[in-house]
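Trainee: Structure incoming, see below.
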Amino acid sequence: MQDFITIATFNYTHEIVVLKHRLEQENIAYFFENETTLSVAPFYSTALGGIRLKVHQNDFEAVRQILEELSGPNLKIV
């Protein structure tokens, strides 16, 4: 996991549902740091720094493109 880097941060667990699906479709290795804690105690988001999407360095560009696709004018999710 030491080769994994943070590419995006989210405040709430509902913001990552579609993103998880897209990453799995592309077979990209990822994990969301603080996801479980914030699903139980969502008001801790600011204190913990949010839910951090961590991906392998080799997948950084592919994930960046997916994030851009999901934040476009037609689909404002992330």
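Within each chain, counting starts at residue 1; across the structure tokens, chains are named A, B, ... in the order shown, with ligands numbered 1 upward in that order.
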Apply DSSP to the backbone of this structure and, from stretch 34-74 of chain A, keep only the residues in strand (DSSP E); write these as a list in words.
Mentor: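 For stretch 34-74 of chain A, the strand (DSSP E) set is Ile51, Arg52, Leu53, Lys54, Val55 and His56 of chain A.
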Trainee: Just N, CA, C and O atoms for this one: save the residues we selected as a compact mmCIF listing (two decimals), in the first residue's frame.
Mentor:
```
# COMPACT_ATOMS: atom_id res chain seq x y z
N ILE A 51 -12.92 11.44 3.30
CA ILE A 51 -12.67 10.10 2.75
C ILE A 51 -11.68 10.27 1.61
O ILE A 51 -11.95 10.95 0.62
N ARG A 52 -10.51 9.67 1.75
CA ARG A 52 -9.45 9.84 0.76
C ARG A 52 -9.40 8.65 -0.20
O ARG A 52 -9.27 7.51 0.24
N LEU A 53 -9.50 8.94 -1.49
CA LEU A 53 -9.36 7.91 -2.51
C LEU A 53 -7.87 7.70 -2.77
O LEU A 53 -7.16 8.63 -3.16
N LYS A 54 -7.42 6.48 -2.55
CA LYS A 54 -6.01 6.14 -2.76
C LYS A 54 -5.92 5.15 -3.91
O LYS A 54 -6.65 4.17 -3.95
N VAL A 55 -5.04 5.45 -4.86
CA VAL A 55 -4.83 4.58 -6.02
C VAL A 55 -3.34 4.37 -6.21
O VAL A 55 -2.51 5.15 -5.73
N HIS A 56 -3.00 3.31 -6.94
CA HIS A 56 -1.60 3.04 -7.24
C HIS A 56 -1.09 4.12 -8.19
O HIS A 56 -1.82 4.62 -9.04
```
Trainee: Which polymer residues have any atom within 12 Å of an atom of A:Ile28, counting only C-alpha atoms, with same-chain residues fewer than 5 positions away left out, as a list in words?
Mentor: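 After dropping sequence-adjacent residues, the list is Phe4, Leu19, Lys20, His21, Arg22, Leu23, Leu53, Lys54, Val55, His56, Gln57, Asn58, Asp59, Phe60, Glu61, Ala62, Val63, Arg64 and Ile66 of chain A.
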Trainee: Those residues with N, CA and C atoms, as a PDB file, in the first residue's frame please?
Mentor:
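Ended up saving to out20.pdb:
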```pdb
ATOM      1  N   PHE A   4       0.551   3.576  -3.024  1.00  0.00           N
ATOM      2  CA  PHE A   4      -0.742   4.202  -3.264  1.00  0.00           C
ATOM      3  C   PHE A   4      -0.696   5.665  -2.825  1.00  0.00           C
ATOM      4  N   LEU A  19     -18.423   6.284  -8.225  1.00  0.00           N
ATOM      5  CA  LEU A  19     -16.984   6.216  -8.474  1.00  0.00           C
ATOM      6  C   LEU A  19     -16.449   4.809  -8.210  1.00  0.00           C
ATOM      7  N   LYS A  20     -16.885   4.181  -7.135  1.00  0.00           N
ATOM      8  CA  LYS A  20     -16.470   2.800  -6.839  1.00  0.00           C
ATOM      9  C   LYS A  20     -16.817   1.874  -8.000  1.00  0.00           C
ATOM     10  N   HIS A  21     -18.023   2.017  -8.501  1.00  0.00           N
ATOM     11  CA  HIS A  21     -18.475   1.183  -9.611  1.00  0.00           C
ATOM     12  C   HIS A  21     -17.593   1.372 -10.840  1.00  0.00           C
ATOM     13  N   ARG A  22     -17.268   2.618 -11.173  1.00  0.00           N
ATOM     14  CA  ARG A  22     -16.424   2.897 -12.338  1.00  0.00           C
ATOM     15  C   ARG A  22     -15.011   2.337 -12.171  1.00  0.00           C
ATOM     16  N   LEU A  23     -14.452   2.462 -10.974  1.00  0.00           N
ATOM     17  CA  LEU A  23     -13.108   1.939 -10.735  1.00  0.00           C
ATOM     18  C   LEU A  23     -13.094   0.421 -10.853  1.00  0.00           C
ATOM     19  N   LEU A  53      -9.501   8.938  -1.488  1.00  0.00           N
ATOM     20  CA  LEU A  53      -9.358   7.911  -2.513  1.00  0.00           C
ATOM     21  C   LEU A  53      -7.873   7.702  -2.769  1.00  0.00           C
ATOM     22  N   LYS A  54      -7.423   6.481  -2.545  1.00  0.00           N
ATOM     23  CA  LYS A  54      -6.013   6.142  -2.757  1.00  0.00           C
ATOM     24  C   LYS A  54      -5.921   5.155  -3.915  1.00  0.00           C
ATOM     25  N   VAL A  55      -5.043   5.453  -4.862  1.00  0.00           N
ATOM     26  CA  VAL A  55      -4.829   4.584  -6.016  1.00  0.00           C
ATOM     27  C   VAL A  55      -3.335   4.368  -6.209  1.00  0.00           C
ATOM     28  N   HIS A  56      -3.004   3.310  -6.937  1.00  0.00           N
ATOM     29  CA  HIS A  56      -1.595   3.043  -7.241  1.00  0.00           C
ATOM     30  C   HIS A  56      -1.086   4.119  -8.195  1.00  0.00           C
ATOM     31  N   GLN A  57       0.170   4.437  -8.070  1.00  0.00           N
ATOM     32  CA  GLN A  57       0.781   5.486  -8.894  1.00  0.00           C
ATOM     33  C   GLN A  57       0.601   5.220 -10.383  1.00  0.00           C
ATOM     34  N   ASN A  58       0.639   3.960 -10.781  1.00  0.00           N
ATOM     35  CA  ASN A  58       0.507   3.616 -12.197  1.00  0.00           C
ATOM     36  C   ASN A  58      -0.893   3.898 -12.742  1.00  0.00           C
ATOM     37  N   ASP A  59      -1.893   3.955 -11.874  1.00  0.00           N
ATOM     38  CA  ASP A  59      -3.273   4.180 -12.294  1.00  0.00           C
ATOM     39  C   ASP A  59      -3.709   5.638 -12.133  1.00  0.00           C
ATOM     40  N   PHE A  60      -2.803   6.493 -11.716  1.00  0.00           N
ATOM     41  CA  PHE A  60      -3.150   7.879 -11.396  1.00  0.00           C
ATOM     42  C   PHE A  60      -3.840   8.583 -12.566  1.00  0.00           C
ATOM     43  N   GLU A  61      -3.273   8.499 -13.746  1.00  0.00           N
ATOM     44  CA  GLU A  61      -3.824   9.208 -14.906  1.00  0.00           C
ATOM     45  C   GLU A  61      -5.194   8.661 -15.300  1.00  0.00           C
ATOM     46  N   ALA A  62      -5.372   7.354 -15.269  1.00  0.00           N
ATOM     47  CA  ALA A  62      -6.663   6.751 -15.618  1.00  0.00           C
ATOM     48  C   ALA A  62      -7.744   7.193 -14.633  1.00  0.00           C
ATOM     49  N   VAL A  63      -7.409   7.242 -13.354  1.00  0.00           N
ATOM     50  CA  VAL A  63      -8.370   7.665 -12.335  1.00  0.00           C
ATOM     51  C   VAL A  63      -8.669   9.156 -12.469  1.00  0.00           C
ATOM     52  N   ARG A  64      -7.682   9.941 -12.788  1.00  0.00           N
ATOM     53  CA  ARG A  64      -7.903  11.370 -12.996  1.00  0.00           C
ATOM     54  C   ARG A  64      -8.907  11.589 -14.127  1.00  0.00           C
ATOM     55  N   ILE A  66     -11.272   9.490 -15.083  1.00  0.00           N
ATOM     56  CA  ILE A  66     -12.586   9.062 -14.593  1.00  0.00           C
ATOM     57  C   ILE A  66     -13.195  10.153 -13.727  1.00  0.00           C
TER      58      ILE A  66
END
```
Trainee: Closest to A:Asp3 among A:Leu38, A:Glu24, A:Tyr30, A:Ile16, using only C-alpha atoms?
Mentor: A:Tyr30
Trainee: What's the separation between atom CA of A:Ile5 and atom CA of A:Leu70, in Å to one decimal place?
Mentor: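 Atom CA of A:Leu70 lies at a distance of 19.8 Å from atom CA of A:Ile5.
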